[in-house]
Amino acid sequence: MSEAAADRIRVAVVDDHEMFRAGVIATLRDSFDIVGQAADVPGSVAMIAQTKPQVVLLDVHVPGGEGGGGAEILTKSRAYSPATVFLALSVSDAPQDVGSVIRAGAQGYVTKTITGADLISSIKQVHEGYAVFSPKLAGFVLSAFQGVPAAGADSAAPAHDEELDRLSAREQEVMRLIARGYTYKEVAAELFISIKTVETHVSSVLRKLQLSNRTELTRWAADRRIV
């Protein structure tokens, strides 16, 4: 084995979709040493214990075990391979999915819309100790770890929110997407409306909530855990 090959980052891939897993491995093979793959919770824990990869690409929704998915894999694997770093790679951008694996100890979270080049870069970054998040996730990830109470706390968000009730159903849809980091163009495509209509809804949302800009809107939504 050449010195360059010996220095390659050792990566494992966890995903229950065989074709997607194969595609990811094909994308990464020239840049990393792929040491293992798995499709369920117990198989993943066993694979990580045996191969001790430096980085694991981890899907959030993985069957088996006690139903905890990626977070369960991460938690159970820690004792067997404490130096392994986990990067979540999921189709989901739901706050509860992001929060579950980040709180379990994942170093980052990217969505499956990521390009091959960006995924390779993300793996290298988490291996070097950096936290990596898809741009659309960064806002509420930061808010989630800057004093927002954990679920079940006495200060949990109330079931009835008078400020939220000021918004129409469509305005709430637009608000959630904008708070997740979507551009006006992306919101328009997602909701099948014009960019001009998106702009109108955003202006109305900001006015009704007495907010000044998108940053304040993102924090407002994250504080209520409604992103």
# chains A, B, ... in the order shown; residues from 1 in each chain; ligands from 1
>>> residues_around(residues="stretch 96-102 of chain A", least_positions_apart="5", cutoff="7 Å", atoms="only C-alpha atoms", output="list in words")
Val60, Gly70, Ala71, Gln107 and Tyr109 of chain A
>>> residues_around(residues="stretch 86-88 of chain A", least_positions_apart="6", cutoff="8 Å", atoms="only C-alpha atoms", output="list in words")
Val55, Val56, Leu57, Leu58, Asp59, Val60, Gly70, Leu74, Val101, Gly105, Ala106, Gln107, Gly108, Tyr109, Val110, Ile123 and Val126 of chain A
>>> write_last_selection(atoms="all heavy atoms", output="compact mmCIF listing (two decimals), in the first residue's frame")
# COMPACT_ATOMS: atom_id res chain seq x y z
N VAL A 55 -14.72 8.16 9.81
CA VAL A 55 -15.94 8.93 9.56
C VAL A 55 -17.05 7.98 9.12
O VAL A 55 -16.82 7.10 8.28
CB VAL A 55 -15.74 10.01 8.48
CG1 VAL A 55 -17.06 10.76 8.22
CG2 VAL A 55 -14.65 10.99 8.89
N VAL A 56 -18.23 8.15 9.69
CA VAL A 56 -19.41 7.39 9.27
C VAL A 56 -20.43 8.35 8.66
O VAL A 56 -20.81 9.34 9.30
CB VAL A 56 -20.06 6.63 10.44
CG1 VAL A 56 -21.38 5.98 9.99
CG2 VAL A 56 -19.12 5.57 10.98
N LEU A 57 -20.84 8.08 7.43
CA LEU A 57 -21.97 8.78 6.83
C LEU A 57 -23.22 8.09 7.32
O LEU A 57 -23.41 6.89 7.06
CB LEU A 57 -21.90 8.73 5.30
CG LEU A 57 -20.98 9.73 4.61
CD1 LEU A 57 -21.11 9.56 3.10
CD2 LEU A 57 -21.32 11.15 5.00
N LEU A 58 -24.09 8.81 8.00
CA LEU A 58 -25.16 8.18 8.75
C LEU A 58 -26.53 8.71 8.34
O LEU A 58 -26.83 9.90 8.51
CB LEU A 58 -24.93 8.45 10.25
CG LEU A 58 -25.91 7.84 11.24
CD1 LEU A 58 -25.79 6.33 11.26
CD2 LEU A 58 -25.65 8.42 12.64
N ASP A 59 -27.38 7.83 7.81
CA ASP A 59 -28.76 8.22 7.54
C ASP A 59 -29.51 8.33 8.87
O ASP A 59 -29.18 7.64 9.84
CB ASP A 59 -29.44 7.20 6.63
CG ASP A 59 -30.78 7.68 6.10
OD1 ASP A 59 -31.06 8.90 6.20
OD2 ASP A 59 -31.55 6.86 5.59
N VAL A 60 -30.50 9.19 8.92
CA VAL A 60 -31.25 9.41 10.17
C VAL A 60 -32.27 8.29 10.39
O VAL A 60 -32.42 7.78 11.50
CB VAL A 60 -31.96 10.77 10.14
CG1 VAL A 60 -32.86 10.94 11.36
CG2 VAL A 60 -30.94 11.90 10.08
N GLY A 70 -30.64 6.63 13.33
CA GLY A 70 -29.26 7.07 13.33
C GLY A 70 -28.74 7.46 14.69
O GLY A 70 -27.59 7.18 15.04
N LEU A 74 -25.45 5.90 16.64
CA LEU A 74 -24.37 6.73 17.15
C LEU A 74 -24.12 6.47 18.64
O LEU A 74 -22.98 6.28 19.07
CB LEU A 74 -24.73 8.20 16.91
CG LEU A 74 -23.60 9.23 16.86
CD1 LEU A 74 -24.05 10.46 16.10
CD2 LEU A 74 -23.16 9.61 18.26
N VAL A 101 -29.84 13.57 16.03
CA VAL A 101 -28.49 13.06 15.80
C VAL A 101 -27.41 14.03 16.28
O VAL A 101 -26.34 13.61 16.71
CB VAL A 101 -28.25 12.69 14.32
CG1 VAL A 101 -29.09 11.50 13.92
CG2 VAL A 101 -28.50 13.87 13.41
N GLY A 105 -24.49 13.36 19.21
CA GLY A 105 -23.05 13.55 19.04
C GLY A 105 -22.54 13.66 17.62
O GLY A 105 -21.32 13.67 17.40
N ALA A 106 -23.43 13.74 16.62
CA ALA A 106 -22.96 13.87 15.24
C ALA A 106 -22.23 15.19 15.05
O ALA A 106 -22.58 16.20 15.66
CB ALA A 106 -24.14 13.79 14.27
N GLN A 107 -21.21 15.18 14.20
CA GLN A 107 -20.39 16.36 13.97
C GLN A 107 -21.00 17.30 12.93
O GLN A 107 -20.62 18.46 12.84
CB GLN A 107 -18.99 15.92 13.49
CG GLN A 107 -17.96 17.03 13.37
CD GLN A 107 -17.42 17.47 14.72
OE1 GLN A 107 -17.68 16.84 15.74
NE2 GLN A 107 -16.70 18.58 14.74
N GLY A 108 -21.98 16.79 12.17
CA GLY A 108 -22.59 17.63 11.14
C GLY A 108 -23.81 16.96 10.55
O GLY A 108 -24.14 15.81 10.87
N TYR A 109 -24.50 17.69 9.67
CA TYR A 109 -25.74 17.19 9.07
C TYR A 109 -25.90 17.83 7.70
O TYR A 109 -25.98 19.06 7.59
CB TYR A 109 -26.93 17.55 9.96
CG TYR A 109 -28.23 16.84 9.67
CD1 TYR A 109 -28.79 15.96 10.59
CD2 TYR A 109 -28.93 17.06 8.49
CE1 TYR A 109 -29.99 15.33 10.36
CE2 TYR A 109 -30.14 16.43 8.23
CZ TYR A 109 -30.67 15.56 9.18
OH TYR A 109 -31.87 14.93 8.93
N VAL A 110 -25.91 17.02 6.67
CA VAL A 110 -26.13 17.52 5.30
C VAL A 110 -27.28 16.74 4.68
O VAL A 110 -27.54 15.59 5.05
CB VAL A 110 -24.86 17.39 4.43
CG1 VAL A 110 -23.75 18.30 4.97
CG2 VAL A 110 -24.37 15.95 4.36
N ILE A 123 -16.92 15.57 4.38
CA ILE A 123 -16.28 14.46 5.09
C ILE A 123 -14.90 14.87 5.59
O ILE A 123 -14.52 14.61 6.73
CB ILE A 123 -16.19 13.22 4.19
CG1 ILE A 123 -17.59 12.66 3.93
CG2 ILE A 123 -15.30 12.14 4.83
CD1 ILE A 123 -17.62 11.56 2.88
N VAL A 126 -15.32 17.35 8.64
CA VAL A 126 -15.66 16.76 9.94
C VAL A 126 -14.51 15.94 10.48
O VAL A 126 -14.28 15.88 11.69
CB VAL A 126 -16.96 15.92 9.89
CG1 VAL A 126 -18.16 16.79 9.56
CG2 VAL A 126 -16.84 14.76 8.93
>>> closest_residue(among="A:Glu216, A:Glu190, A:Asp165, A:Asp118", to="A:Leu28", atoms="only C-alpha atoms")
A:Asp118
>>> select_by_dssp(residues="chain A", states="strand (DSSP E or B)", output="list in words")
Arg10, Val11, Ala12, Val13, Val14, Asp33, Ile34, Val35, Gly36, Gln37, Ala38, Val55, Val56, Leu57, Leu58, Val85, Phe86, Leu87, Ala88, Leu89, Ser90, Gly108, Tyr109, Val110, Thr111, Val132 and Phe133 of chain A
>>> select_by_dssp(residues="stretch 16-57 of chain A", states="helix (DSSP H, G or I)", output="list in words")
Glu18, Met19, Phe20, Arg21, Ala22, Gly23, Val24, Ile25, Ala26, Thr27, Leu28, Val41, Pro42, Gly43, Ser44, Val45, Ala46, Met47, Ile48, Ala49, Gln50 and Thr51 of chain A
>>> residues_around(residues="A:Ile34", least_positions_apart="5", cutoff="10 Å", atoms="only C-alpha atoms", output="CSV table (one decimal) with C-alpha atoms, in the first residue's frame")
chain,number,residue,atom,x,y,z
A,8,ARG,CA,-6.7,8.1,3.2
A,9,ILE,CA,-9.6,8.7,5.5
A,10,ARG,CA,-11.4,5.5,6.4
A,11,VAL,CA,-15.2,6.0,5.8
A,12,ALA,CA,-18.3,3.8,6.4
A,13,VAL,CA,-21.7,4.3,4.9
A,25,ILE,CA,-19.8,4.6,-2.2
A,26,ALA,CA,-19.1,4.9,-6.0
A,28,LEU,CA,-16.4,8.5,-2.5
A,29,ARG,CA,-14.3,5.5,-3.6
A,53,PRO,CA,-14.0,3.9,10.6
A,55,VAL,CA,-15.9,8.9,9.6
A,56,VAL,CA,-19.4,7.4,9.3
>>> atom_distance(atom1="atom CA of A:Ala46", atom2="atom CA of A:Arg78")
11.6 Å
>>> residues_around(residues="A:Glu72", least_positions_apart="4", cutoff="10 Å", atoms="only C-alpha atoms", output="NGL selection string")
:A and (41-42 or 45 or 60 or 62 or 64-68 or 76-77 or 100-101 or 104)
>>> write_last_selection(atoms="all heavy atoms", output="short mmCIF file (atom, residue, chain, number, x, y, z; two decimals), in the first residue's frame")
data_model
loop_
_atom_site.label_atom_id
_atom_site.label_comp_id
_atom_site.auth_asym_id
_atom_site.auth_seq_id
_atom_site.Cartn_x
_atom_site.Cartn_y
_atom_site.Cartn_z
N VAL A 41 -29.88 -0.85 12.18
CA VAL A 41 -29.23 -0.44 13.43
C VAL A 41 -28.25 -1.49 13.95
O VAL A 41 -27.06 -1.18 14.16
CB VAL A 41 -30.28 -0.09 14.51
CG1 VAL A 41 -29.60 0.12 15.86
CG2 VAL A 41 -31.06 1.16 14.10
N PRO A 42 -28.66 -2.75 14.17
CA PRO A 42 -27.69 -3.72 14.72
C PRO A 42 -26.53 -3.99 13.78
O PRO A 42 -25.38 -4.13 14.22
CB PRO A 42 -28.53 -4.98 14.96
CG PRO A 42 -29.77 -4.79 14.14
CD PRO A 42 -30.01 -3.33 14.06
N VAL A 45 -24.05 -1.02 14.04
CA VAL A 45 -23.26 -1.02 15.28
C VAL A 45 -22.16 -2.08 15.19
O VAL A 45 -20.99 -1.83 15.55
CB VAL A 45 -24.15 -1.28 16.50
CG1 VAL A 45 -23.31 -1.43 17.77
CG2 VAL A 45 -25.17 -0.14 16.67
N VAL A 60 -30.50 9.19 8.92
CA VAL A 60 -31.25 9.41 10.17
C VAL A 60 -32.27 8.29 10.39
O VAL A 60 -32.42 7.78 11.50
CB VAL A 60 -31.96 10.77 10.14
CG1 VAL A 60 -32.86 10.94 11.36
CG2 VAL A 60 -30.94 11.90 10.08
N VAL A 62 -33.05 4.78 9.96
CA VAL A 62 -32.52 3.44 9.71
C VAL A 62 -33.32 2.45 10.54
O VAL A 62 -33.54 2.68 11.73
CB VAL A 62 -31.02 3.36 10.08
CG1 VAL A 62 -30.45 2.00 9.74
CG2 VAL A 62 -30.23 4.46 9.37
N GLY A 64 -34.66 -1.13 12.51
CA GLY A 64 -34.08 -2.10 13.43
C GLY A 64 -33.78 -1.51 14.80
O GLY A 64 -34.04 -0.34 15.08
N GLY A 65 -33.23 -2.35 15.65
CA GLY A 65 -32.88 -1.92 17.00
C GLY A 65 -34.11 -1.54 17.80
O GLY A 65 -35.15 -2.19 17.71
N GLU A 66 -34.00 -0.45 18.54
CA GLU A 66 -35.10 0.01 19.38
C GLU A 66 -35.89 1.14 18.74
O GLU A 66 -36.67 1.82 19.40
CB GLU A 66 -34.53 0.47 20.74
CG GLU A 66 -33.82 -0.65 21.51
CD GLU A 66 -33.04 -0.14 22.71
OE1 GLU A 66 -33.33 1.00 23.15
OE2 GLU A 66 -32.16 -0.86 23.19
N GLY A 67 -35.67 1.34 17.44
CA GLY A 67 -36.42 2.36 16.72
C GLY A 67 -35.82 3.74 16.76
O GLY A 67 -36.44 4.70 16.31
N GLY A 68 -34.61 3.86 17.27
CA GLY A 68 -33.97 5.18 17.39
C GLY A 68 -33.21 5.63 16.17
O GLY A 68 -32.69 6.75 16.14
N LYS A 76 -24.95 3.82 20.50
CA LYS A 76 -24.49 2.47 20.81
C LYS A 76 -23.08 2.19 20.29
O LYS A 76 -22.38 1.32 20.82
CB LYS A 76 -25.47 1.44 20.24
CG LYS A 76 -26.80 1.42 20.96
CD LYS A 76 -27.71 0.32 20.41
CE LYS A 76 -28.98 0.20 21.25
NZ LYS A 76 -29.91 -0.85 20.72
N SER A 77 -22.66 2.92 19.25
CA SER A 77 -21.35 2.68 18.66
C SER A 77 -20.22 3.35 19.42
O SER A 77 -19.06 2.98 19.29
CB SER A 77 -21.32 3.18 17.21
OG SER A 77 -22.27 2.52 16.42
N SER A 100 -32.03 15.26 16.84
CA SER A 100 -31.80 13.95 17.46
C SER A 100 -30.37 13.46 17.27
O SER A 100 -29.73 12.98 18.21
CB SER A 100 -32.80 12.92 16.91
OG SER A 100 -32.54 12.63 15.54
N VAL A 101 -29.84 13.57 16.03
CA VAL A 101 -28.49 13.06 15.80
C VAL A 101 -27.41 14.03 16.28
O VAL A 101 -26.34 13.61 16.71
CB VAL A 101 -28.25 12.69 14.32
CG1 VAL A 101 -29.09 11.50 13.92
CG2 VAL A 101 -28.50 13.87 13.41
N ALA A 104 -27.08 13.51 19.87
CA ALA A 104 -26.44 12.22 20.12
C ALA A 104 -24.93 12.29 19.88
O ALA A 104 -24.20 11.39 20.28
CB ALA A 104 -27.06 11.14 19.25
#
>>> residues_around(residues="A:Leu137", least_positions_apart="3", cutoff="12 Å", atoms="only C-alpha atoms", output="ChimeraX atom specification")
/A:90,92-99,102,108-111,132-134,140-144,177-182,218,222,227
